[in-house]
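Listing of target-v7.cif; format and content: mmCIF, C-alpha atoms.
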data_structure
#
loop_
_atom_site.group_PDB
_atom_site.id
_atom_site.type_symbol
_atom_site.label_atom_id
_atom_site.label_comp_id
_atom_site.auth_asym_id
_atom_site.auth_seq_id
_atom_site.Cartn_x
_atom_site.Cartn_y
_atom_site.Cartn_z
ATOM 1 C CA MET L 1 101.218 83.236 86.332
ATOM 2 C CA ASN L 2 97.830 83.658 87.920
ATOM 3 C CA TYR L 3 94.940 84.453 85.577
ATOM 4 C CA VAL L 4 91.637 85.808 86.858
ATOM 5 C CA PHE L 5 88.539 85.300 84.695
ATOM 6 C CA THR L 6 84.876 84.350 84.892
ATOM 7 C CA LEU L 7 82.906 81.770 82.933
ATOM 8 C CA LYS L 8 79.107 82.092 82.915
ATOM 9 C CA TYR L 9 76.848 79.200 81.925
ATOM 10 C CA GLN L 10 73.223 78.408 81.274
ATOM 11 C CA LEU L 11 72.444 75.136 83.007
ATOM 12 C CA ALA L 12 70.530 72.177 81.641
ATOM 13 C CA PRO L 13 67.602 70.982 83.782
ATOM 14 C CA GLU L 14 69.647 67.998 85.008
ATOM 15 C CA ASP L 15 72.284 70.386 86.420
ATOM 16 C CA CYS L 16 69.962 72.525 88.540
ATOM 17 C CA ASP L 17 70.734 70.700 91.804
ATOM 18 C CA HIS L 18 73.351 73.221 92.887
ATOM 19 C CA GLU L 19 74.854 71.176 95.707
ATOM 20 C CA ASP L 20 75.469 68.217 93.408
ATOM 21 C CA LEU L 21 76.799 70.464 90.632
ATOM 22 C CA VAL L 22 79.207 72.286 92.937
ATOM 23 C CA GLU L 23 80.538 68.913 94.117
ATOM 24 C CA ARG L 24 80.991 67.674 90.526
ATOM 25 C CA LEU L 25 82.747 70.929 89.570
ATOM 26 C CA ALA L 26 85.187 70.561 92.466
ATOM 27 C CA GLN L 27 85.902 66.940 91.498
ATOM 28 C CA ALA L 28 86.477 68.008 87.864
ATOM 29 C CA GLY L 29 89.180 70.507 88.849
ATOM 30 C CA CYS L 30 87.236 73.727 89.420
ATOM 31 C CA ASP L 31 88.367 73.973 93.034
ATOM 32 C CA ASP L 32 90.163 77.233 92.120
ATOM 33 C CA ALA L 33 86.847 78.955 91.322
ATOM 34 C CA THR L 34 84.325 80.800 93.411
ATOM 35 C CA ILE L 35 80.952 79.534 92.235
ATOM 36 C CA GLY L 36 77.900 81.766 92.037
ATOM 37 C CA VAL L 37 74.478 80.142 91.786
ATOM 38 C CA GLY L 38 72.226 83.130 92.510
ATOM 39 C CA GLN L 39 70.273 83.128 89.245
ATOM 40 C CA PRO L 40 67.997 80.154 88.562
ATOM 41 C CA GLY L 41 69.309 78.085 85.657
ATOM 42 C CA ARG L 42 72.638 79.946 85.571
ATOM 43 C CA ILE L 43 76.033 79.557 87.164
ATOM 44 C CA ALA L 44 79.120 81.757 87.205
ATOM 45 C CA LEU L 45 82.593 80.538 88.048
ATOM 46 C CA ALA L 46 85.155 83.188 89.022
ATOM 47 C CA PHE L 47 88.539 81.527 88.514
ATOM 48 C CA ALA L 48 91.996 82.435 89.758
ATOM 49 C CA ARG L 49 94.005 79.811 87.879
ATOM 50 C CA ASP L 50 97.762 79.365 87.698
ATOM 51 C CA SER L 51 98.965 78.561 84.189
ATOM 52 C CA GLU L 52 101.621 79.452 81.616
ATOM 53 C CA SER L 53 99.143 81.524 79.538
ATOM 54 C CA ALA L 54 95.635 82.924 79.685
ATOM 55 C CA TRP L 55 94.624 80.570 76.887
ATOM 56 C CA SER L 56 95.750 77.451 78.771
ATOM 57 C CA ALA L 57 94.054 78.696 81.958
ATOM 58 C CA ILE L 58 90.736 79.428 80.263
ATOM 59 C CA TYR L 59 90.840 76.358 78.022
ATOM 60 C CA SER L 60 91.502 74.023 80.937
ATOM 61 C CA ALA L 61 88.671 75.643 82.913
ATOM 62 C CA LEU L 62 86.301 75.195 79.949
ATOM 63 C CA GLN L 63 87.322 71.520 79.804
ATOM 64 C CA ASP L 64 86.809 71.076 83.544
ATOM 65 C CA VAL L 65 83.307 72.579 83.429
ATOM 66 C CA LYS L 66 82.425 70.475 80.366
ATOM 67 C CA GLN L 67 83.481 67.350 82.264
ATOM 68 C CA ALA L 68 81.323 68.251 85.282
ATOM 69 C CA ALA L 69 78.301 69.592 83.388
ATOM 70 C CA PRO L 70 78.384 68.395 79.761
ATOM 71 C CA ALA L 71 74.994 69.918 78.887
ATOM 72 C CA ALA L 72 75.766 73.401 80.269
ATOM 73 C CA ARG L 73 76.056 76.101 77.600
ATOM 74 C CA LEU L 74 78.668 78.833 77.840
ATOM 75 C CA VAL L 75 77.035 82.263 77.977
ATOM 76 C CA GLU L 76 80.120 84.447 78.356
ATOM 77 C CA ALA L 77 83.798 84.474 79.193
ATOM 78 C CA ALA L 78 84.910 87.589 81.064
ATOM 79 C CA PRO L 79 86.518 90.049 81.228
ATOM 80 C CA ASP L 80 85.531 91.070 77.731
ATOM 81 C CA LEU L 81 82.711 93.532 77.071
ATOM 82 C CA VAL L 82 83.114 96.691 79.135
ATOM 83 C CA GLY L 83 81.965 100.300 79.292
ATOM 84 C CA LEU L 84 84.147 103.353 79.854
ATOM 85 C CA THR L 85 83.644 103.211 83.623
ATOM 86 C CA ASP L 86 84.844 99.595 83.718
ATOM 87 C CA ILE L 87 87.876 100.455 81.596
ATOM 88 C CA ALA L 88 88.708 103.425 83.813
ATOM 89 C CA ASP L 89 88.437 101.288 86.952
ATOM 90 C CA MET L 90 90.688 98.566 85.529
ATOM 91 C CA THR L 91 93.332 101.034 84.371
ATOM 92 C CA GLY L 92 93.317 103.303 87.419
ATOM 93 C CA MET L 93 91.925 106.305 85.540
ATOM 94 C CA SER L 94 88.814 108.334 86.130
ATOM 95 C CA ARG L 95 85.897 107.861 83.742
ATOM 96 C CA GLN L 96 86.274 111.502 82.695
ATOM 97 C CA ASN L 97 89.950 111.007 81.798
ATOM 98 C CA MET L 98 89.109 107.856 79.841
ATOM 99 C CA ARG L 99 86.394 109.732 77.929
ATOM 100 C CA LYS L 100 88.772 112.641 77.173
ATOM 101 C CA LEU L 101 91.356 110.167 75.912
ATOM 102 C CA MET L 102 88.769 108.503 73.672
ATOM 103 C CA LEU L 103 87.561 111.838 72.253
ATOM 104 C CA ALA L 104 91.090 113.143 71.703
ATOM 105 C CA HIS L 105 92.050 110.040 69.703
ATOM 106 C CA MET L 106 88.864 109.254 67.782
ATOM 107 C CA ALA L 107 90.817 108.297 64.650
ATOM 108 C CA ASP L 108 92.702 105.419 66.255
ATOM 109 C CA PHE L 109 90.785 104.648 69.464
ATOM 110 C CA PRO L 110 89.234 101.162 69.213
ATOM 111 C CA GLN L 111 85.700 101.097 67.871
ATOM 112 C CA PRO L 112 82.950 100.082 70.265
ATOM 113 C CA VAL L 113 81.161 96.788 69.743
ATOM 114 C CA HIS L 114 77.933 98.558 70.654
ATOM 115 C CA GLU L 115 77.321 102.287 70.418
ATOM 116 C CA GLY L 116 74.602 103.401 72.748
ATOM 117 C CA ASN L 117 73.938 104.015 76.373
ATOM 118 C CA PRO L 118 76.270 102.597 77.459
ATOM 119 C CA SER L 119 78.683 101.977 74.620
ATOM 120 C CA LEU L 120 80.635 98.721 74.968
ATOM 121 C CA TRP L 121 84.154 97.777 73.910
ATOM 122 C CA HIS L 122 86.235 94.640 73.980
ATOM 123 C CA LEU L 123 88.507 95.202 76.977
ATOM 124 C CA GLY L 124 91.442 93.557 75.197
ATOM 125 C CA ASP L 125 91.216 96.059 72.322
ATOM 126 C CA ILE L 126 91.352 99.026 74.704
ATOM 127 C CA LEU L 127 94.159 97.577 76.820
ATOM 128 C CA ALA L 128 96.220 96.745 73.719
ATOM 129 C CA TRP L 129 95.694 100.295 72.439
ATOM 130 C CA LEU L 130 96.757 101.786 75.784
ATOM 131 C CA ASN L 131 99.713 99.400 75.977
ATOM 132 C CA GLY L 132 100.957 100.747 72.641
ATOM 133 C CA ARG L 133 101.011 104.312 73.959
ATOM 134 C CA GLN L 134 103.575 105.862 76.253
ATOM 135 C CA GLY L 135 102.658 106.573 79.841
ATOM 136 C CA TYR L 136 100.309 103.654 80.467
ATOM 137 C CA SER L 137 101.299 100.642 82.505
ATOM 138 C CA ILE L 138 98.988 97.769 81.592
ATOM 139 C CA ASP L 139 98.874 94.510 83.543
ATOM 140 C CA VAL L 140 100.081 91.936 81.016
ATOM 141 C CA THR L 141 98.035 89.105 82.558
ATOM 142 C CA LEU L 142 94.861 91.222 82.363
ATOM 143 C CA LEU L 143 95.614 92.082 78.718
ATOM 144 C CA ASP L 144 96.248 88.418 77.858
ATOM 145 C CA THR L 145 93.117 87.299 79.734
ATOM 146 C CA ALA L 146 90.897 89.944 78.108
ATOM 147 C CA CYS L 147 92.160 89.106 74.604
ATOM 148 C CA THR L 148 91.599 85.393 75.235
ATOM 149 C CA ALA L 149 88.095 85.937 76.658
ATOM 150 C CA LYS L 150 87.247 87.955 73.542
ATOM 151 C CA GLN L 151 88.381 85.084 71.292
ATOM 152 C CA VAL L 152 86.324 82.552 73.280
ATOM 153 C CA ASN L 153 83.222 84.754 73.048
ATOM 154 C CA LEU L 154 83.693 85.395 69.322
ATOM 155 C CA ALA L 155 84.137 81.675 68.654
ATOM 156 C CA LYS L 156 80.997 80.910 70.682
ATOM 157 C CA GLU L 157 78.984 83.444 68.684
ATOM 158 C CA ALA L 158 80.469 82.392 65.330
ATOM 159 C CA ARG L 159 79.215 78.826 65.700
ATOM 160 C CA GLU L 160 75.654 80.185 65.602
ATOM 161 C CA ILE L 161 76.018 81.993 62.260
ATOM 162 C CA ASP L 162 74.397 80.372 59.228
ATOM 163 C CA THR L 163 77.226 79.299 56.870
ATOM 164 C CA ARG L 164 75.575 80.957 53.829
ATOM 165 C CA ILE L 165 75.282 84.254 55.656
ATOM 166 C CA LYS L 166 78.811 83.886 57.033
ATOM 167 C CA ARG L 167 80.198 83.476 53.502
ATOM 168 C CA GLN L 168 78.273 86.483 52.147
ATOM 169 C CA LEU L 169 79.203 88.719 55.076
ATOM 170 C CA ALA L 170 82.864 87.785 54.821
ATOM 171 C CA GLU L 171 82.910 89.476 51.421
ATOM 172 C CA LEU L 172 81.487 92.721 52.820
ATOM 173 C CA VAL L 173 82.825 93.125 56.342
ATOM 174 C CA GLU L 174 86.452 93.976 56.896
#

Go ahead and render the structure in this file as structure tokens.
Amino acid sequence: MNYVFTLKYQLAPEDCDHEDLVERLAQAGCDDATIGVGQPGRIALAFARDSESAWSAIYSALQDVKQAAPAARLVEAAPDLVGLTDIADMTGMSRQNMRKLMLAHMADFPQPVHEGNPSLWHLGDILAWLNGRQGYSIDVTLLDTACTAKQVNLAKEAREIDTRIKRQLAELVE
């Protein structure tokens, strides 16, 4: 199956020669990615990778980038954090219909990661919720990719948590 996802990185100073970096990325196996270098010190790779699962596609891409740019730091794997408009676009609904659906099912609609303007959700949580309801046809590869991107992002963030705080929070947060 073909999995579409984006990996965004902060570059180390030694990786800021974009022409050289793009060449190294191609040699490392990232020739199935469109590479964006518009922001100084950052790079985004939009992959369309054939693999047996989203995890193997994303994991192999992470390995390929690590080989080409060992000092680059992953900023985000996408698609993951989305607003209602993004969710509506990806599911073929209008934003208004998505909002009505959310308000009508407040008890079991996935909780946002950030409540505000805009509120943000993990795309995989919303797609899984919709997939469990009748009348919604969810692209299985998008669902798998979104759930995998969420796990990559959570793992990236978890490595930065102080172990003492992690232990104490584990007792309180469920």

| When the PyMOL selection byres ((chain L and resi 21-27) around 12) is applied to the file above, which residues end up in the set, as an MDAnalysis selection string? | chainID L and resid 11:20 28:37 41:45 61:72

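One finds CA of Ala57 (chain L) at 12.8 Å from CA of Ala78 (chain L).
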
Using only C-alpha atoms, what table do you get, as JSON lines, when you list each residue of region 50-112 of chain L with an atom no more than 6 Å from region 145-168 of chain L, its nearest pair of atoms, and their distance in Å rounded to one decimal, rows by chain then rising number?
{"residue": "L:Ala54", "atom": "CA", "partner": "L:Thr145", "partner_atom": "CA", "distance": 5.0}
{"residue": "L:Trp55", "atom": "CA", "partner": "L:Thr148", "partner_atom": "CA", "distance": 5.9}
{"residue": "L:Ala77", "atom": "CA", "partner": "L:Ala149", "partner_atom": "CA", "distance": 5.2}
{"residue": "L:Ala78", "atom": "CA", "partner": "L:Ala149", "partner_atom": "CA", "distance": 5.7}
{"residue": "L:Pro79", "atom": "CA", "partner": "L:Ala146", "partner_atom": "CA", "distance": 5.4}
{"residue": "L:Asp80", "atom": "CA", "partner": "L:Lys150", "partner_atom": "CA", "distance": 5.5}

| Which is closest to Asn2 (chain L) among L:Leu130, L:Ile58, L:Gly83, L:Gly38, if we use only C-alpha atoms? | L:Ile58

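The interatomic distance for the pair CA of Val173 (chain L) and CA of Ile87 (chain L) works out to 26.8 Å.
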
| task | Output the residue selection produced by the PyMOL selection byres ((chain L and resi 115-124) around 6) on the file above, formatted as a ChimeraX atom specification. | result | /L:80-83,112-114,125-128,143,146-147

Go ahead and write the residues just picked, C-alpha atoms, as an mmCIF file, in the frame of the given file.
data_model
loop_
_atom_site.group_PDB
_atom_site.id
_atom_site.type_symbol
_atom_site.label_atom_id
_atom_site.label_comp_id
_atom_site.auth_asym_id
_atom_site.auth_seq_id
_atom_site.Cartn_x
_atom_site.Cartn_y
_atom_site.Cartn_z
ATOM 1 C CA ASP L 80 85.531 91.070 77.731
ATOM 2 C CA LEU L 81 82.711 93.532 77.071
ATOM 3 C CA VAL L 82 83.114 96.691 79.135
ATOM 4 C CA GLY L 83 81.965 100.300 79.292
ATOM 5 C CA PRO L 112 82.950 100.082 70.265
ATOM 6 C CA VAL L 113 81.161 96.788 69.743
ATOM 7 C CA HIS L 114 77.933 98.558 70.654
ATOM 8 C CA ASP L 125 91.216 96.059 72.322
ATOM 9 C CA ILE L 126 91.352 99.026 74.704
ATOM 10 C CA LEU L 127 94.159 97.577 76.820
ATOM 11 C CA ALA L 128 96.220 96.745 73.719
ATOM 12 C CA LEU L 143 95.614 92.082 78.718
ATOM 13 C CA ALA L 146 90.897 89.944 78.108
ATOM 14 C CA CYS L 147 92.160 89.106 74.604
#

Could you extract region 67-148 of chain L of the given structure into a file holding C-alpha atoms, as a PDB file, in the first residue's frame?
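Result file part09.pdb:
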ATOM      1  CA  GLN L  67      21.379   8.066   7.836  1.00  0.00           C
ATOM      2  CA  ALA L  68      21.553  11.186   5.642  1.00  0.00           C
ATOM      3  CA  ALA L  69      21.423  13.792   8.419  1.00  0.00           C
ATOM      4  CA  PRO L  70      22.311  12.188  11.771  1.00  0.00           C
ATOM      5  CA  ALA L  71      22.209  15.484  13.693  1.00  0.00           C
ATOM      6  CA  ALA L  72      18.777  16.579  12.406  1.00  0.00           C
ATOM      7  CA  ARG L  73      16.055  16.599  15.068  1.00  0.00           C
ATOM      8  CA  LEU L  74      12.529  15.459  14.286  1.00  0.00           C
ATOM      9  CA  VAL L  75      10.033  18.266  14.876  1.00  0.00           C
ATOM     10  CA  GLU L  76       6.830  16.539  13.785  1.00  0.00           C
ATOM     11  CA  ALA L  77       5.393  13.587  11.928  1.00  0.00           C
ATOM     12  CA  ALA L  78       2.189  14.384  10.048  1.00  0.00           C
ATOM     13  CA  PRO L  79      -0.696  13.991   9.608  1.00  0.00           C
ATOM     14  CA  ASP L  80      -1.414  14.226  13.306  1.00  0.00           C
ATOM     15  CA  LEU L  81      -2.591  17.456  14.929  1.00  0.00           C
ATOM     16  CA  VAL L  82      -5.547  18.945  13.073  1.00  0.00           C
ATOM     17  CA  GLY L  83      -8.397  21.405  13.517  1.00  0.00           C
ATOM     18  CA  LEU L  84     -12.031  20.861  12.576  1.00  0.00           C
ATOM     19  CA  THR L  85     -11.518  22.350   9.111  1.00  0.00           C
ATOM     20  CA  ASP L  86      -8.670  19.916   8.411  1.00  0.00           C
ATOM     21  CA  ILE L  87     -10.760  16.985   9.625  1.00  0.00           C
ATOM     22  CA  ALA L  88     -13.705  18.072   7.486  1.00  0.00           C
ATOM     23  CA  ASP L  89     -11.483  18.392   4.411  1.00  0.00           C
ATOM     24  CA  MET L  90      -9.945  14.947   4.922  1.00  0.00           C
ATOM     25  CA  THR L  91     -13.310  13.266   5.446  1.00  0.00           C
ATOM     26  CA  GLY L  92     -15.236  15.061   2.706  1.00  0.00           C
ATOM     27  CA  MET L  93     -17.533  16.898   5.120  1.00  0.00           C
ATOM     28  CA  SER L  94     -18.136  20.578   5.602  1.00  0.00           C
ATOM     29  CA  ARG L  95     -16.668  22.237   8.688  1.00  0.00           C
ATOM     30  CA  GLN L  96     -20.208  23.026   9.845  1.00  0.00           C
ATOM     31  CA  ASN L  97     -21.250  19.363   9.606  1.00  0.00           C
ATOM     32  CA  MET L  98     -18.123  18.290  11.487  1.00  0.00           C
ATOM     33  CA  ARG L  99     -18.865  20.831  14.232  1.00  0.00           C
ATOM     34  CA  LYS L 100     -22.511  19.673  14.481  1.00  0.00           C
ATOM     35  CA  LEU L 101     -21.323  16.082  14.759  1.00  0.00           C
ATOM     36  CA  MET L 102     -18.884  17.030  17.522  1.00  0.00           C
ATOM     37  CA  LEU L 103     -21.537  18.973  19.469  1.00  0.00           C
ATOM     38  CA  ALA L 104     -24.154  16.243  19.072  1.00  0.00           C
ATOM     39  CA  HIS L 105     -21.784  13.605  20.479  1.00  0.00           C
ATOM     40  CA  MET L 106     -19.899  15.514  23.174  1.00  0.00           C
ATOM     41  CA  ALA L 107     -19.946  12.517  25.531  1.00  0.00           C
ATOM     42  CA  ASP L 108     -17.972  10.218  23.245  1.00  0.00           C
ATOM     43  CA  PHE L 109     -16.350  12.530  20.677  1.00  0.00           C
ATOM     44  CA  PRO L 110     -12.551  12.446  21.109  1.00  0.00           C
ATOM     45  CA  GLN L 111     -11.162  15.110  23.404  1.00  0.00           C
ATOM     46  CA  PRO L 112      -9.028  17.814  21.837  1.00  0.00           C
ATOM     47  CA  VAL L 113      -5.325  17.933  22.610  1.00  0.00           C
ATOM     48  CA  HIS L 114      -5.629  21.708  22.800  1.00  0.00           C
ATOM     49  CA  GLU L 115      -8.821  23.631  23.474  1.00  0.00           C
ATOM     50  CA  GLY L 116      -8.654  27.122  22.115  1.00  0.00           C
ATOM     51  CA  ASN L 117      -8.778  29.005  18.890  1.00  0.00           C
ATOM     52  CA  PRO L 118      -8.345  26.735  17.077  1.00  0.00           C
ATOM     53  CA  SER L 119      -8.868  23.554  19.047  1.00  0.00           C
ATOM     54  CA  LEU L 120      -6.635  20.680  17.914  1.00  0.00           C
ATOM     55  CA  TRP L 121      -7.210  16.931  17.842  1.00  0.00           C
ATOM     56  CA  HIS L 122      -5.150  13.909  16.946  1.00  0.00           C
ATOM     57  CA  LEU L 123      -6.417  13.025  13.470  1.00  0.00           C
ATOM     58  CA  GLY L 124      -6.153   9.300  14.204  1.00  0.00           C
ATOM     59  CA  ASP L 125      -8.501   9.632  17.197  1.00  0.00           C
ATOM     60  CA  ILE L 126     -11.159  11.373  15.100  1.00  0.00           C
ATOM     61  CA  LEU L 127     -10.835   8.977  12.165  1.00  0.00           C
ATOM     62  CA  ALA L 128     -11.037   5.945  14.470  1.00  0.00           C
ATOM     63  CA  TRP L 129     -14.150   7.417  16.104  1.00  0.00           C
ATOM     64  CA  LEU L 130     -15.773   8.054  12.713  1.00  0.00           C
ATOM     65  CA  ASN L 131     -14.741   4.598  11.502  1.00  0.00           C
ATOM     66  CA  GLY L 132     -16.632   3.062  14.427  1.00  0.00           C
ATOM     67  CA  ARG L 133     -19.860   4.796  13.414  1.00  0.00           C
ATOM     68  CA  GLN L 134     -22.182   3.838  10.598  1.00  0.00           C
ATOM     69  CA  GLY L 135     -22.296   5.968   7.488  1.00  0.00           C
ATOM     70  CA  TYR L 136     -18.660   7.060   7.354  1.00  0.00           C
ATOM     71  CA  SER L 137     -16.187   5.615   4.903  1.00  0.00           C
ATOM     72  CA  ILE L 138     -12.684   6.240   6.231  1.00  0.00           C
ATOM     73  CA  ASP L 139      -9.554   5.637   4.162  1.00  0.00           C
ATOM     74  CA  VAL L 140      -7.792   2.835   6.040  1.00  0.00           C
ATOM     75  CA  THR L 141      -4.312   3.966   4.950  1.00  0.00           C
ATOM     76  CA  LEU L 142      -5.010   7.505   6.206  1.00  0.00           C
ATOM     77  CA  LEU L 143      -6.275   6.115   9.531  1.00  0.00           C
ATOM     78  CA  ASP L 144      -3.206   3.878   9.902  1.00  0.00           C
ATOM     79  CA  THR L 145      -0.851   6.721   8.932  1.00  0.00           C
ATOM     80  CA  ALA L 146      -2.480   9.216  11.318  1.00  0.00           C
ATOM     81  CA  CYS L 147      -2.382   6.758  14.237  1.00  0.00           C
ATOM     82  CA  THR L 148       1.276   5.980  13.526  1.00  0.00           C
TER      83      THR L 148
END
